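One structure is given below, encoded as structure tokens.
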Amino acid sequence: MSRYKTFHKMLLGSGMLLLVLVLFGMARLQAKASESADLVAEGKQIFRFDTFGDQDFWGGQLKLHQAIEGEQFGGVGDGVSPATALAVGLKVDVDALPESLQGQLKRGKVDLNDPAVTLALLKLNAVVGVTGFFNTDGSLSAMGIQCALCHSTVDDSLAPGIGHRLDGWANRDLNVGAIIALSPDLSPLQTLLGADRDTVVSVLNSWGPGKFDAELVLDGKAFNPQQITDGVVTGTNVSGATLIPPAFGLAGVNLHTWTGWGSIPYWNAFVANIEMHGKGNFFDPRLDNAAQFPIAAANGFGHIQTPPDEDLITSKLPALHAYQLSLLAPLPPDGSFNAKAAARGDALFEGKAKCATCHVPELYTEPGWNLHTPSEMGIDSFQADRSPDLMYRTSPLKGLWTHTKGGFFHDGRFATLLDVVDHYDTLFSLGLSNREKSDIVEYLKSLGDAPLQTPKDDD
Ligand code: HEC
Ligand code: HEC
């Protein structure tokens, strides 16, 4: 009896102990979960607002802020009105605007041709991807750019170009080249490229909306002499710029960029240092190859060093990575594709059309080393040759419907998804009928992995 009681007590005791352990464990798990939520929240701030100190380049060196404010406010030229800013694809975050201003905008009571309004928007931190730095007299002292400049857009909820932020979406309206070409001082780029201002300006203006040439400052190659698809020359001296890809839906994908330069954190460090001109550290001895990357090799771009206490990039890479991984590819709106045709397209994608051999569902790229040679893809090697592995990366396809402007493949050579499918039909002799091709297109339009982000107030 007493033994039984002791046993009973022991049982109760150990039960209590177990409960304590479980509760303790749960608390720890919860702490862990909130730690990673914090990391994602921190990454969101960085993605949207961190310039990594790049205002010393965009403002300090190119003096782009002077062109924005115009002579009237101590800069140069006419200044950039909101109408001009919107026309070159810059976006305005409606959630950063006070309600009174939202109302005035809705009623057409804001003069969108007045550069002073652009300055007011910058003061409100409402221009997506651009930060203005102000003097005490209200004029600009510098400006910097963020990841969100190219990899975010807005949902146009208030007006075209003005709405809630959509992080990770490629801004295919943004004319990066035309914006940079406004800079009063292009000498840093002239020196790097060994070209005069007119040449640099004509290269920048050759990019067009939705494109940027990340390799230009490595190899100085501005134009593809011959764009070739399926053995046919489809263009000569085509701009070397590539389309801005989305920065969502990338979890699980090994190599990134059109030509597979590296992982997400590799490319984040590359961009923040080499393209945005933030202050950090970057190491990649592949850029010492002077035959392939003459400008990068001569300027030591593979060995960028900043003392730890002045490094504004490295410590932010983990949070930035976490945030990018959290960005799912949005599902298309209801009714934007034919569901029955898409289901037939799905079967073709995985069967007769052989798409899934490379675009493996649910990643839609190869798990593993996701690269292919230009000849495998039936296209010229110009852009592949500008990267370390000389190949093209199998594009992840989720969220395709969000970036139909500007075309498809790295240089946008295919205007429509049907053009893409036609190319594969020729390249792999698939023998697809017209109906099969359009079924595959409907399937491509259906891909995504999360409900459409419904923006919240804190978003
Ligand atoms: C000036 C426009 C611009 C800015 C600013 C920019 N990017 Fe990009 N991003 C591009 C372009 C263009 C590419 C494609 C480059 C290539 O393939 O050579 C790209 C590629 C990427 C990719 C690869 C996507 C994929 O499909 O694999 C990621 C990830 C990325 N950028 C993240 C970032 C982050 C993070 C920042 C801020 C630190 C940033 N980008 C800033 C234009 C930009
Ligand atoms: C041998 C591997 C391979 C096969 C098979 C393949 N793809 Fe691709 N796909 C790629 C690569 C690599 C790219 C990137 C090409 C580039 O950037 O120039 C790509 C790009 C694309 C794009 C453009 C994405 C964008 O963001 O612009 C679409 C759409 C696409 N493929 C659909 C398909 C369909 C549909 C099929 C089947 C009919 C298919 N692919 C078969 C490797 C493949």
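In the structure tokens, chains take the letters A, B, ... in the order shown, each chain's residues start at 1, and ligands count up from 1 in the order shown.
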Review point. How would you write, as a PyMOL selection string, the set of residues no farther than 7 Å from ligand 1 when counting only C-alpha atoms and all ligand atoms?
Key: chain A and resi 47+145-151+176+211-215+242-247+250+255-259+264+267-269+271-272+276+320+395-396
Check your understanding: What are the DSSP helix (DSSP H, G or I) residues of stretch 305-345 of chain A, as a VMD selection string?
Key -> chain A and resid 308 to 310 314 to 326 339 to 345
Review point. Do you know which residues are at most 8 Å from A:Asp155 counting only C-alpha atoms, after dropping those on the same chain fewer than 4 positions away, and could you put them as a ChimeraX atom specification?
Key: /A:161-166
Practice item. Please report, as a PyMOL selection string, each residue of stretch 11-203 of chain A to which DSSP assigns strand (DSSP E) when run on this structure's backbone. Key: chain A and resi 92-93+130-134+140-145+152-154+162-163+165-167
Would you tabulate, counting only C-alpha atoms and all ligand atoms, all residues of chain A that have an atom at most 8 Å from an atom of ligand 2, showing the closest pair of atoms and their distance in Å to one decimal, sorted by chain then ascending number, as JSON lines?
{"residue": "A:Pro245", "atom": "CA", "partner": "ligand 2", "partner_atom_place_in_ligand_line": "26 (O)", "distance": 6.8}
{"residue": "A:Trp258", "atom": "CA", "partner": "ligand 2", "partner_atom_place_in_ligand_line": "17 (O)", "distance": 5.1}
{"residue": "A:Thr259", "atom": "CA", "partner": "ligand 2", "partner_atom_place_in_ligand_line": "17 (O)", "distance": 7.1}
{"residue": "A:Phe349", "atom": "CA", "partner": "ligand 2", "partner_atom_place_in_ligand_line": "37 (C)", "distance": 5.8}
{"residue": "A:Ala353", "atom": "CA", "partner": "ligand 2", "partner_atom_place_in_ligand_line": "38 (C)", "distance": 4.7}
{"residue": "A:Lys354", "atom": "CA", "partner": "ligand 2", "partner_atom_place_in_ligand_line": "37 (C)", "distance": 5.5}
{"residue": "A:Cys355", "atom": "CA", "partner": "ligand 2", "partner_atom_place_in_ligand_line": "37 (C)", "distance": 3.3}
{"residue": "A:Ala356", "atom": "CA", "partner": "ligand 2", "partner_atom_place_in_ligand_line": "5 (C)", "distance": 6.8}
{"residue": "A:Thr357", "atom": "CA", "partner": "ligand 2", "partner_atom_place_in_ligand_line": "5 (C)", "distance": 5.6}
{"residue": "A:Cys358", "atom": "CA", "partner": "ligand 2", "partner_atom_place_in_ligand_line": "2 (C)", "distance": 4.3}
{"residue": "A:His359", "atom": "CA", "partner": "ligand 2", "partner_atom_place_in_ligand_line": "7 (N)", "distance": 6.1}
{"residue": "A:Thr365", "atom": "CA", "partner": "ligand 2", "partner_atom_place_in_ligand_line": "42 (C)", "distance": 7.7}
{"residue": "A:Asn370", "atom": "CA", "partner": "ligand 2", "partner_atom_place_in_ligand_line": "12 (C)", "distance": 7.8}
{"residue": "A:Leu371", "atom": "CA", "partner": "ligand 2", "partner_atom_place_in_ligand_line": "12 (C)", "distance": 6.1}
{"residue": "A:His372", "atom": "CA", "partner": "ligand 2", "partner_atom_place_in_ligand_line": "12 (C)", "distance": 5.3}
{"residue": "A:Thr373", "atom": "CA", "partner": "ligand 2", "partner_atom_place_in_ligand_line": "12 (C)", "distance": 7.7}
{"residue": "A:Glu376", "atom": "CA", "partner": "ligand 2", "partner_atom_place_in_ligand_line": "1 (C)", "distance": 6.1}
{"residue": "A:Met377", "atom": "CA", "partner": "ligand 2", "partner_atom_place_in_ligand_line": "1 (C)", "distance": 6.2}
{"residue": "A:Ile379", "atom": "CA", "partner": "ligand 2", "partner_atom_place_in_ligand_line": "18 (O)", "distance": 7.3}
{"residue": "A:Met391", "atom": "CA", "partner": "ligand 2", "partner_atom_place_in_ligand_line": "12 (C)", "distance": 7.9}
{"residue": "A:Tyr392", "atom": "CA", "partner": "ligand 2", "partner_atom_place_in_ligand_line": "12 (C)", "distance": 4.8}
{"residue": "A:Arg393", "atom": "CA", "partner": "ligand 2", "partner_atom_place_in_ligand_line": "12 (C)", "distance": 4.5}
{"residue": "A:Thr394", "atom": "CA", "partner": "ligand 2", "partner_atom_place_in_ligand_line": "12 (C)", "distance": 3.6}
{"residue": "A:Ser395", "atom": "CA", "partner": "ligand 2", "partner_atom_place_in_ligand_line": "20 (C)", "distance": 4.9}
{"residue": "A:Pro396", "atom": "CA", "partner": "ligand 2", "partner_atom_place_in_ligand_line": "24 (C)", "distance": 7.0}
{"residue": "A:Leu397", "atom": "CA", "partner": "ligand 2", "partner_atom_place_in_ligand_line": "24 (C)", "distance": 6.0}
{"residue": "A:Leu400", "atom": "CA", "partner": "ligand 2", "partner_atom_place_in_ligand_line": "26 (O)", "distance": 6.4}
{"residue": "A:His403", "atom": "CA", "partner": "ligand 2", "partner_atom_place_in_ligand_line": "26 (O)", "distance": 7.6}
{"residue": "A:Gly407", "atom": "CA", "partner": "ligand 2", "partner_atom_place_in_ligand_line": "27 (O)", "distance": 6.7}
{"residue": "A:Phe408", "atom": "CA", "partner": "ligand 2", "partner_atom_place_in_ligand_line": "27 (O)", "distance": 3.4}
{"residue": "A:Phe409", "atom": "CA", "partner": "ligand 2", "partner_atom_place_in_ligand_line": "27 (O)", "distance": 3.8}
{"residue": "A:His410", "atom": "CA", "partner": "ligand 2", "partner_atom_place_in_ligand_line": "17 (O)", "distance": 3.8}
{"residue": "A:Asp411", "atom": "CA", "partner": "ligand 2", "partner_atom_place_in_ligand_line": "18 (O)", "distance": 6.9}
{"residue": "A:Gly412", "atom": "CA", "partner": "ligand 2", "partner_atom_place_in_ligand_line": "27 (O)", "distance": 6.8}
{"residue": "A:Leu417", "atom": "CA", "partner": "ligand 2", "partner_atom_place_in_ligand_line": "29 (C)", "distance": 5.9}
{"residue": "A:Val420", "atom": "CA", "partner": "ligand 2", "partner_atom_place_in_ligand_line": "29 (C)", "distance": 6.0}
{"residue": "A:Val421", "atom": "CA", "partner": "ligand 2", "partner_atom_place_in_ligand_line": "38 (C)", "distance": 5.3}
{"residue": "A:Tyr424", "atom": "CA", "partner": "ligand 2", "partner_atom_place_in_ligand_line": "38 (C)", "distance": 5.2}
{"residue": "A:Asp425", "atom": "CA", "partner": "ligand 2", "partner_atom_place_in_ligand_line": "38 (C)", "distance": 6.6}
{"residue": "A:Ile440", "atom": "CA", "partner": "ligand 2", "partner_atom_place_in_ligand_line": "35 (C)", "distance": 6.2}
{"residue": "A:Val441", "atom": "CA", "partner": "ligand 2", "partner_atom_place_in_ligand_line": "35 (C)", "distance": 7.2}
{"residue": "A:Leu444", "atom": "CA", "partner": "ligand 2", "partner_atom_place_in_ligand_line": "29 (C)", "distance": 6.8}
Review point. Which residue, A:Val200, A:Leu218, A:Val80, A:Leu119, has the smallest gap to A:Asn289 when you use only C-alpha atoms?
Key: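 Going through A:Val200, A:Leu218, A:Val80, A:Leu119 one by one, the smallest distance to A:Asn289 is for A:Leu218.
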Which residues of stretch 62-120 of chain A come within 12 Å of stretch 132-136 of chain A, and what is each one's closest atom pair and distance in Å (one decimal), counting only C-alpha atoms, sorted by chain and residue number, as a tab-separated table?
residue	atom	partner	partner_atom	distance
A:Lys63	CA	A:Gly132	CA	11.9
A:Leu64	CA	A:Gly132	CA	10.5
A:His65	CA	A:Gly132	CA	7.7
A:Gln66	CA	A:Gly132	CA	11.0
A:Ile68	CA	A:Gly132	CA	9.8
A:Glu69	CA	A:Gly132	CA	10.2
A:Phe73	CA	A:Asn135	CA	11.2
A:Gly74	CA	A:Asn135	CA	11.0
A:Thr118	CA	A:Gly132	CA	10.2
A:Leu119	CA	A:Gly132	CA	8.1
A:Ala120	CA	A:Gly132	CA	9.9
How would the residues just picked look written out with N, CA and C atoms as a tab-separated table (two decimals), in the first residue's frame?
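To be explicit, this is the file written out as result15.tsv:
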chain	number	residue	atom	x	y	z
A	63	LYS	N	25.82	63.11	-57.37
A	63	LYS	CA	25.03	64.33	-57.08
A	63	LYS	C	23.61	64.26	-57.66
A	64	LEU	N	23.07	63.06	-57.67
A	64	LEU	CA	21.74	62.84	-58.23
A	64	LEU	C	20.68	63.68	-57.51
A	65	HIS	N	20.91	63.91	-56.20
A	65	HIS	CA	19.94	64.70	-55.42
A	65	HIS	C	19.80	66.12	-55.96
A	66	GLN	N	20.90	66.64	-56.55
A	66	GLN	CA	20.83	68.02	-57.09
A	66	GLN	C	19.90	68.08	-58.28
A	68	ILE	N	17.35	66.11	-58.65
A	68	ILE	CA	15.99	65.91	-58.13
A	68	ILE	C	15.41	67.22	-57.61
A	69	GLU	N	16.19	67.97	-56.82
A	69	GLU	CA	15.62	69.19	-56.22
A	69	GLU	C	15.58	70.35	-57.22
A	73	PHE	N	15.82	74.87	-55.63
A	73	PHE	CA	16.11	74.50	-54.24
A	73	PHE	C	17.61	74.30	-54.00
A	74	GLY	N	18.43	74.88	-54.87
A	74	GLY	CA	19.88	74.82	-54.67
A	74	GLY	C	20.57	73.73	-55.46
A	118	THR	N	7.89	66.59	-54.84
A	118	THR	CA	8.81	65.44	-54.78
A	118	THR	C	9.62	65.50	-53.48
A	119	LEU	N	10.10	66.72	-53.16
A	119	LEU	CA	10.87	66.87	-51.92
A	119	LEU	C	10.02	66.54	-50.70
A	120	ALA	N	8.75	66.97	-50.74
A	120	ALA	CA	7.85	66.68	-49.62
A	120	ALA	C	7.65	65.17	-49.48
Check your understanding: So how far away is atom CA of A:Pro82 from atom CA of A:Ser100, in Å?
Key ->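 If I compute the distance from atom CA of A:Ser100 to atom CA of A:Pro82, I get 17.6 Å.
Proximity ranking of A:Thr131, A:Asn205, A:Asn338, A:Thr199 relative to A:Asp439 places A:Asn338 first, based on only C-alpha atoms.
Between atom CA of A:Gly144 and atom CA of A:Phe49 the separation is 9.4 Å.
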Check your understanding: Using only C-alpha atoms, which residue out of A:Ser206, A:Leu418, A:Phe270, A:Leu430 lies closest to A:Leu317?
Key -> A:Phe270
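The two atoms in question, atom CA of A:Ala298 and atom CA of A:Leu312, are spaced 24.2 Å apart.
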Check your understanding: What's the 10 Å shell around A:Gly300, counting only C-alpha atoms, without same-chain residues fewer than 6 positions away, as a count of residues only?
Key -> 5
Residue neighbourhood A:Gly378, 7 Å, only C-alpha atoms, exclusion window fewer than 3 positions, as a PDB file with C-alpha atoms, in the first residue's frame:
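Listed below is the output, selection15.pdb:
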ATOM      1  CA  THR A 229      17.447  32.401 -80.858  1.00  0.00           C
ATOM      2  CA  ASP A 230      17.122  28.942 -82.390  1.00  0.00           C
ATOM      3  CA  PRO A 374      23.546  28.509 -73.899  1.00  0.00           C
ATOM      4  CA  SER A 375      23.446  25.797 -76.581  1.00  0.00           C
ATOM      5  CA  LEU A 427      14.214  23.759 -79.768  1.00  0.00           C
TER       6      LEU A 427
END
